[in-house]
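S.K.: Provided herewith is a single structure, encoded as structure tokens, for subsequent inquiry.
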Amino acid sequence: MEKPSRPAYGDYPHHAEITTRWMDNDVYGHVNNVTYYSYFDSVANEYLIERGGLDIEHAPVIGLVVESGCSYHAPVAYPQRLRAGLRVDRLGDRAVTYGIAIFTTDSDEAVAHGHFVHVFVDREARTSTTIPGRIRAALAAISV
């Protein structure tokens with residue numbers, strides 16, 4: 001199986017810092033694979049809150065994760081500081097596919113990269129609905 005290529009920092013229009021935590025390391029001395037999904041979730045939701053105006057406690061429409069995937073390229077460990085790159089690979093009427101990559105502070109080659117799909121739903125009914133205008137505009141701003 002061919003290993004996927006490592007994306008570059010410049011491939012992503014939005015960037016955020018991530019602080020690794022002691023609990024992110026596993027018994028092998030590096031950040032555990034499942035932790036990257038937490039990083040993906042954090043950077044996407046931080047963007048939606050800060051740029052899209054998402055009110056995580058009261059908004060009538062919320063995004064639920066329906067799919068995710070990750071490829072790993074190099075290990076990192078606490079206490080490294082990391083950078084995340086975020087972009088929109090596909091923007092539909094009711095769903096968005098993010099491209100996300102994790103970088104160390106001293107390299108522009110990803111240590112891991114993947115995708116994350118949000119479907120937007122009515123908070124109460126949990127039925128899919130169109131992406132609200134302000135959120136859609138924020139997502140369109142980082143669409144590639």
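Every chain in the structure tokens takes a letter, A first, then B, and so on in the order presented; its residues are numbered from 1, and the ligands are numbered from 1 following the presented order.
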Need to verify the contact set: Asn45 (chain A), 12 Å, only C-alpha atoms, exclusion of same-chain residues closer than 5 positions in sequence. Can you return it as a list of chain:residue names?
M.R.: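 Here the answer would be A:Ala16, A:Ser38, A:Tyr39, A:Phe40, A:Glu50, A:Arg51, A:Gly52, A:Gly53, A:Leu54, A:Asp55, A:Ile56, A:Ile62, A:Gly63, A:Leu64, A:Val65, A:Leu86, A:Tyr98, A:Phe116, A:Val117, A:His118, A:Ile135, A:Ala138, A:Leu139.
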S.K.: Fewer than 4 positions away in the same chain doesn't count, so skip those; otherwise give me all residues within 12 Å of Tyr28 (chain A), counting only C-alpha atoms, as a PDB file with N, CA, C and O atoms, in the first residue's frame.
M.R.:
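Dumped everything to selection-v7.pdb:
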ATOM      1  N   ASP A  24      -2.122  13.169  26.286  1.00  0.00           N
ATOM      2  CA  ASP A  24      -2.135  12.822  24.861  1.00  0.00           C
ATOM      3  C   ASP A  24      -1.154  11.700  24.534  1.00  0.00           C
ATOM      4  O   ASP A  24      -1.341  10.975  23.564  1.00  0.00           O
ATOM      5  N   ASN A  32      -1.075   9.572  20.985  1.00  0.00           N
ATOM      6  CA  ASN A  32      -1.837   8.426  20.522  1.00  0.00           C
ATOM      7  C   ASN A  32      -2.669   8.782  19.306  1.00  0.00           C
ATOM      8  O   ASN A  32      -3.157   9.902  19.165  1.00  0.00           O
ATOM      9  N   ASN A  33      -2.856   7.809  18.418  1.00  0.00           N
ATOM     10  CA  ASN A  33      -3.565   8.059  17.153  1.00  0.00           C
ATOM     11  C   ASN A  33      -4.957   8.644  17.339  1.00  0.00           C
ATOM     12  O   ASN A  33      -5.364   9.514  16.583  1.00  0.00           O
ATOM     13  N   PRO A  75       5.802  10.794  14.308  1.00  0.00           N
ATOM     14  CA  PRO A  75       5.332  10.906  15.687  1.00  0.00           C
ATOM     15  C   PRO A  75       5.617  12.280  16.294  1.00  0.00           C
ATOM     16  O   PRO A  75       6.573  12.960  15.919  1.00  0.00           O
ATOM     17  N   VAL A  76       4.760  12.674  17.226  1.00  0.00           N
ATOM     18  CA  VAL A  76       4.980  13.849  18.059  1.00  0.00           C
ATOM     19  C   VAL A  76       4.684  13.431  19.494  1.00  0.00           C
ATOM     20  O   VAL A  76       4.046  12.406  19.725  1.00  0.00           O
ATOM     21  N   ALA A  77       5.165  14.219  20.446  1.00  0.00           N
ATOM     22  CA  ALA A  77       4.961  13.873  21.849  1.00  0.00           C
ATOM     23  C   ALA A  77       4.855  15.129  22.703  1.00  0.00           C
ATOM     24  O   ALA A  77       5.382  16.182  22.347  1.00  0.00           O
ATOM     25  N   TYR A  78       4.156  14.988  23.822  1.00  0.00           N
ATOM     26  CA  TYR A  78       4.112  16.053  24.817  1.00  0.00           C
ATOM     27  C   TYR A  78       5.542  16.329  25.257  1.00  0.00           C
ATOM     28  O   TYR A  78       6.310  15.382  25.445  1.00  0.00           O
TER      29      TYR A  78
END
S.K.: What does the structure give for the distance between CA of Ala110 (chain A) and CA of Ile142 (chain A), in Å to one decimal?
M.R.: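 Between these atoms lies a distance of 18.3 Å.
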S.K.: Residues within 10 Å of Leu91 (chain A), please, as a list in words. Count only C-alpha atoms; anything in the same chain fewer than 2 positions from it doesn't count.
M.R.: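 Here the answer would be Val88, Asp89, Asp93, Arg94, Ala95, Val96, Thr97, Tyr98, Val117, Ile131, Arg136, Leu139, Ala140, Ser143 and Val144 of chain A.
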S.K.: Write the residues of the preceding selection, restricted to all heavy atoms, as a short mmCIF file (atom, residue, chain, number, x, y, z; two decimals), in the first residue's frame.
M.R.:
data_model
loop_
_atom_site.label_atom_id
_atom_site.label_comp_id
_atom_site.auth_asym_id
_atom_site.auth_seq_id
_atom_site.Cartn_x
_atom_site.Cartn_y
_atom_site.Cartn_z
N VAL A 88 -11.64 23.74 3.57
CA VAL A 88 -12.87 23.05 3.17
C VAL A 88 -12.61 22.42 1.82
O VAL A 88 -12.28 23.11 0.85
CB VAL A 88 -14.06 24.03 3.12
CG1 VAL A 88 -15.26 23.38 2.44
CG2 VAL A 88 -14.44 24.48 4.52
N ASP A 89 -12.72 21.09 1.77
CA ASP A 89 -12.52 20.36 0.53
C ASP A 89 -13.81 20.24 -0.27
O ASP A 89 -13.78 20.13 -1.49
CB ASP A 89 -11.95 18.97 0.81
CG ASP A 89 -10.51 19.02 1.29
OD1 ASP A 89 -9.81 20.00 0.99
OD2 ASP A 89 -10.09 18.08 1.99
N ASP A 93 -24.93 21.69 0.48
CA ASP A 93 -26.03 22.45 1.08
C ASP A 93 -26.20 22.13 2.56
O ASP A 93 -26.56 22.99 3.35
CB ASP A 93 -27.34 22.16 0.35
CG ASP A 93 -27.36 22.74 -1.04
OD1 ASP A 93 -26.68 23.75 -1.29
OD2 ASP A 93 -28.07 22.17 -1.90
N ARG A 94 -25.93 20.86 2.92
CA ARG A 94 -26.18 20.41 4.29
C ARG A 94 -24.95 19.82 4.97
O ARG A 94 -25.01 19.47 6.15
CB ARG A 94 -27.29 19.36 4.27
CG ARG A 94 -28.59 19.90 3.74
CD ARG A 94 -29.60 18.78 3.48
NE ARG A 94 -30.81 19.31 2.88
CZ ARG A 94 -31.91 19.60 3.56
NH1 ARG A 94 -31.96 19.37 4.85
NH2 ARG A 94 -32.96 20.10 2.95
N ALA A 95 -23.86 19.70 4.23
CA ALA A 95 -22.66 19.06 4.80
C ALA A 95 -21.40 19.74 4.29
O ALA A 95 -21.40 20.37 3.23
CB ALA A 95 -22.64 17.58 4.44
N VAL A 96 -20.35 19.58 5.06
CA VAL A 96 -19.04 20.11 4.69
C VAL A 96 -17.99 19.05 4.98
O VAL A 96 -18.07 18.33 5.98
CB VAL A 96 -18.72 21.42 5.46
CG1 VAL A 96 -18.73 21.20 6.97
CG2 VAL A 96 -17.39 22.01 5.02
N THR A 97 -17.03 18.92 4.07
CA THR A 97 -15.88 18.05 4.28
C THR A 97 -14.66 18.93 4.48
O THR A 97 -14.31 19.72 3.61
CB THR A 97 -15.65 17.11 3.08
OG1 THR A 97 -16.83 16.33 2.88
CG2 THR A 97 -14.45 16.20 3.33
N TYR A 98 -14.06 18.82 5.64
CA TYR A 98 -12.85 19.57 5.96
C TYR A 98 -11.63 18.74 5.61
O TYR A 98 -11.63 17.53 5.77
CB TYR A 98 -12.75 19.85 7.47
CG TYR A 98 -13.93 20.55 8.08
CD1 TYR A 98 -14.93 19.84 8.73
CD2 TYR A 98 -14.03 21.94 8.04
CE1 TYR A 98 -16.00 20.47 9.31
CE2 TYR A 98 -15.11 22.58 8.62
CZ TYR A 98 -16.09 21.85 9.26
OH TYR A 98 -17.16 22.48 9.83
N VAL A 117 -16.11 15.15 8.29
CA VAL A 117 -17.35 15.57 7.66
C VAL A 117 -18.38 15.95 8.72
O VAL A 117 -18.67 15.16 9.62
CB VAL A 117 -17.94 14.46 6.75
CG1 VAL A 117 -19.25 14.92 6.12
CG2 VAL A 117 -16.94 14.04 5.69
N ILE A 131 -27.03 24.59 5.75
CA ILE A 131 -26.00 25.26 6.56
C ILE A 131 -26.40 26.73 6.69
O ILE A 131 -26.67 27.40 5.69
CB ILE A 131 -24.62 25.13 5.89
CG1 ILE A 131 -24.23 23.66 5.76
CG2 ILE A 131 -23.57 25.92 6.67
CD1 ILE A 131 -22.98 23.40 4.92
N ARG A 136 -21.95 29.22 6.45
CA ARG A 136 -21.63 28.92 5.06
C ARG A 136 -20.59 29.92 4.52
O ARG A 136 -19.64 29.53 3.85
CB ARG A 136 -22.88 28.97 4.19
CG ARG A 136 -22.56 28.84 2.69
CD ARG A 136 -23.81 28.75 1.86
NE ARG A 136 -24.42 27.45 1.96
CZ ARG A 136 -23.88 26.33 1.45
NH1 ARG A 136 -22.75 26.37 0.81
NH2 ARG A 136 -24.49 25.18 1.58
N LEU A 139 -17.20 29.06 5.91
CA LEU A 139 -16.67 27.86 5.26
C LEU A 139 -16.22 28.14 3.84
O LEU A 139 -15.18 27.65 3.41
CB LEU A 139 -17.73 26.75 5.28
CG LEU A 139 -18.11 26.22 6.67
CD1 LEU A 139 -19.32 25.30 6.59
CD2 LEU A 139 -16.93 25.54 7.34
N ALA A 140 -16.99 28.94 3.12
CA ALA A 140 -16.63 29.29 1.74
C ALA A 140 -15.30 30.04 1.71
O ALA A 140 -14.53 29.91 0.76
CB ALA A 140 -17.73 30.11 1.09
N SER A 143 -12.52 27.51 1.48
CA SER A 143 -12.75 26.44 0.52
C SER A 143 -11.64 26.44 -0.53
O SER A 143 -11.23 27.49 -1.01
CB SER A 143 -14.10 26.65 -0.14
OG SER A 143 -14.43 25.56 -0.96
N VAL A 144 -11.16 25.25 -0.86
CA VAL A 144 -10.11 25.13 -1.88
C VAL A 144 -10.62 24.39 -3.11
O VAL A 144 -11.59 23.68 -3.05
CB VAL A 144 -8.84 24.43 -1.34
CG1 VAL A 144 -8.23 25.28 -0.25
CG2 VAL A 144 -9.13 23.04 -0.83
#
S.K.: Considering only C-alpha atoms, return as a list in words whatever protein or nucleic-acid residues lie within 12 Å of Val34 (chain A), sequence-local ones (same chain, fewer than 2 positions apart) excluded.
M.R.: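 Listing them by chain and then by number gives Met23, Asp24, Asn25, Asp26, His30, Val31, Asn32, Tyr36, Tyr37, Ser38, Tyr39, Phe40, Asp41, Ser68, Gly69, Cys70, Ser71, Tyr72 and Ala112 of chain A.
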S.K.: Using N, CA and C atoms, can you write the selected residues to a file as an mmCIF file, in the first residue's frame?
M.R.:
data_model
loop_
_atom_site.group_PDB
_atom_site.id
_atom_site.type_symbol
_atom_site.label_atom_id
_atom_site.label_comp_id
_atom_site.auth_asym_id
_atom_site.auth_seq_id
_atom_site.Cartn_x
_atom_site.Cartn_y
_atom_site.Cartn_z
ATOM 1 N N MET A 23 -1.708 13.922 28.913
ATOM 2 C CA MET A 23 -2.547 12.746 28.687
ATOM 3 C C MET A 23 -2.622 12.342 27.213
ATOM 4 N N ASP A 24 -2.122 13.169 26.286
ATOM 5 C CA ASP A 24 -2.135 12.822 24.861
ATOM 6 C C ASP A 24 -1.154 11.700 24.534
ATOM 7 N N ASN A 25 -0.089 11.571 25.331
ATOM 8 C CA ASN A 25 0.913 10.532 25.086
ATOM 9 C C ASN A 25 0.377 9.165 25.484
ATOM 10 N N ASP A 26 0.806 8.145 24.756
ATOM 11 C CA ASP A 26 0.434 6.789 25.128
ATOM 12 C C ASP A 26 1.654 6.071 25.710
ATOM 13 N N HIS A 30 4.438 8.614 22.529
ATOM 14 C CA HIS A 30 4.065 9.613 21.522
ATOM 15 C C HIS A 30 2.553 9.858 21.596
ATOM 16 N N VAL A 31 2.112 10.923 20.932
ATOM 17 C CA VAL A 31 0.684 11.233 20.921
ATOM 18 C C VAL A 31 -0.070 10.064 20.277
ATOM 19 N N ASN A 32 -1.075 9.572 20.985
ATOM 20 C CA ASN A 32 -1.837 8.426 20.522
ATOM 21 C C ASN A 32 -2.669 8.782 19.306
ATOM 22 N N TYR A 36 -5.521 12.602 17.554
ATOM 23 C CA TYR A 36 -5.572 13.463 16.371
ATOM 24 C C TYR A 36 -7.009 13.802 15.984
ATOM 25 N N TYR A 37 -7.931 12.872 16.213
ATOM 26 C CA TYR A 37 -9.338 13.151 15.923
ATOM 27 C C TYR A 37 -9.862 14.251 16.838
ATOM 28 N N SER A 38 -9.400 14.284 18.058
ATOM 29 C CA SER A 38 -9.753 15.364 18.981
ATOM 30 C C SER A 38 -9.208 16.698 18.479
ATOM 31 N N TYR A 39 -7.971 16.678 17.976
ATOM 32 C CA TYR A 39 -7.395 17.893 17.400
ATOM 33 C C TYR A 39 -8.232 18.369 16.205
ATOM 34 N N PHE A 40 -8.624 17.431 15.339
ATOM 35 C CA PHE A 40 -9.438 17.776 14.171
ATOM 36 C C PHE A 40 -10.743 18.431 14.616
ATOM 37 N N ASP A 41 -11.424 17.804 15.557
ATOM 38 C CA ASP A 41 -12.692 18.303 16.064
ATOM 39 C C ASP A 41 -12.520 19.698 16.663
ATOM 40 N N SER A 68 -14.814 10.470 9.440
ATOM 41 C CA SER A 68 -13.483 11.049 9.634
ATOM 42 C C SER A 68 -12.437 10.013 9.242
ATOM 43 N N GLY A 69 -11.257 10.492 8.935
ATOM 44 C CA GLY A 69 -10.149 9.617 8.591
ATOM 45 C C GLY A 69 -8.842 10.342 8.801
ATOM 46 N N CYS A 70 -7.782 9.596 9.032
ATOM 47 C CA CYS A 70 -6.490 10.211 9.310
ATOM 48 C C CYS A 70 -5.351 9.324 8.809
ATOM 49 N N SER A 71 -4.344 9.965 8.223
ATOM 50 C CA SER A 71 -3.097 9.296 7.841
ATOM 51 C C SER A 71 -1.982 9.888 8.693
ATOM 52 N N TYR A 72 -1.113 9.032 9.197
ATOM 53 C CA TYR A 72 -0.045 9.453 10.101
ATOM 54 C C TYR A 72 1.298 9.373 9.390
ATOM 55 N N ALA A 112 0.491 14.519 10.397
ATOM 56 C CA ALA A 112 -0.732 13.748 10.182
ATOM 57 C C ALA A 112 -1.692 14.621 9.385
#
S.K.: Step one, run DSSP on the backbone; step two, keep only residues of region 13-135 of chain A assigned to helix (DSSP H, G or I); then write them as a ChimeraX atom specification.
M.R.: /A:22-24,33-50,133-135
S.K.: Of the candidates A:Ile49, A:Val66, A:Ile18, A:Ala59, which shows the shortest atom-to-atom distance to His115 (chain A), using only C-alpha atoms?
M.R.: A:Val66
S.K.: Among region 41-89 of chain A, which ones does DSSP place in strand (DSSP E), written as JSON, numbers by chain?
M.R.: {"A": [61, 62, 63, 64, 65, 66, 67, 68, 69, 70, 71, 72, 81, 82, 83, 84, 85, 86, 87, 88, 89]}
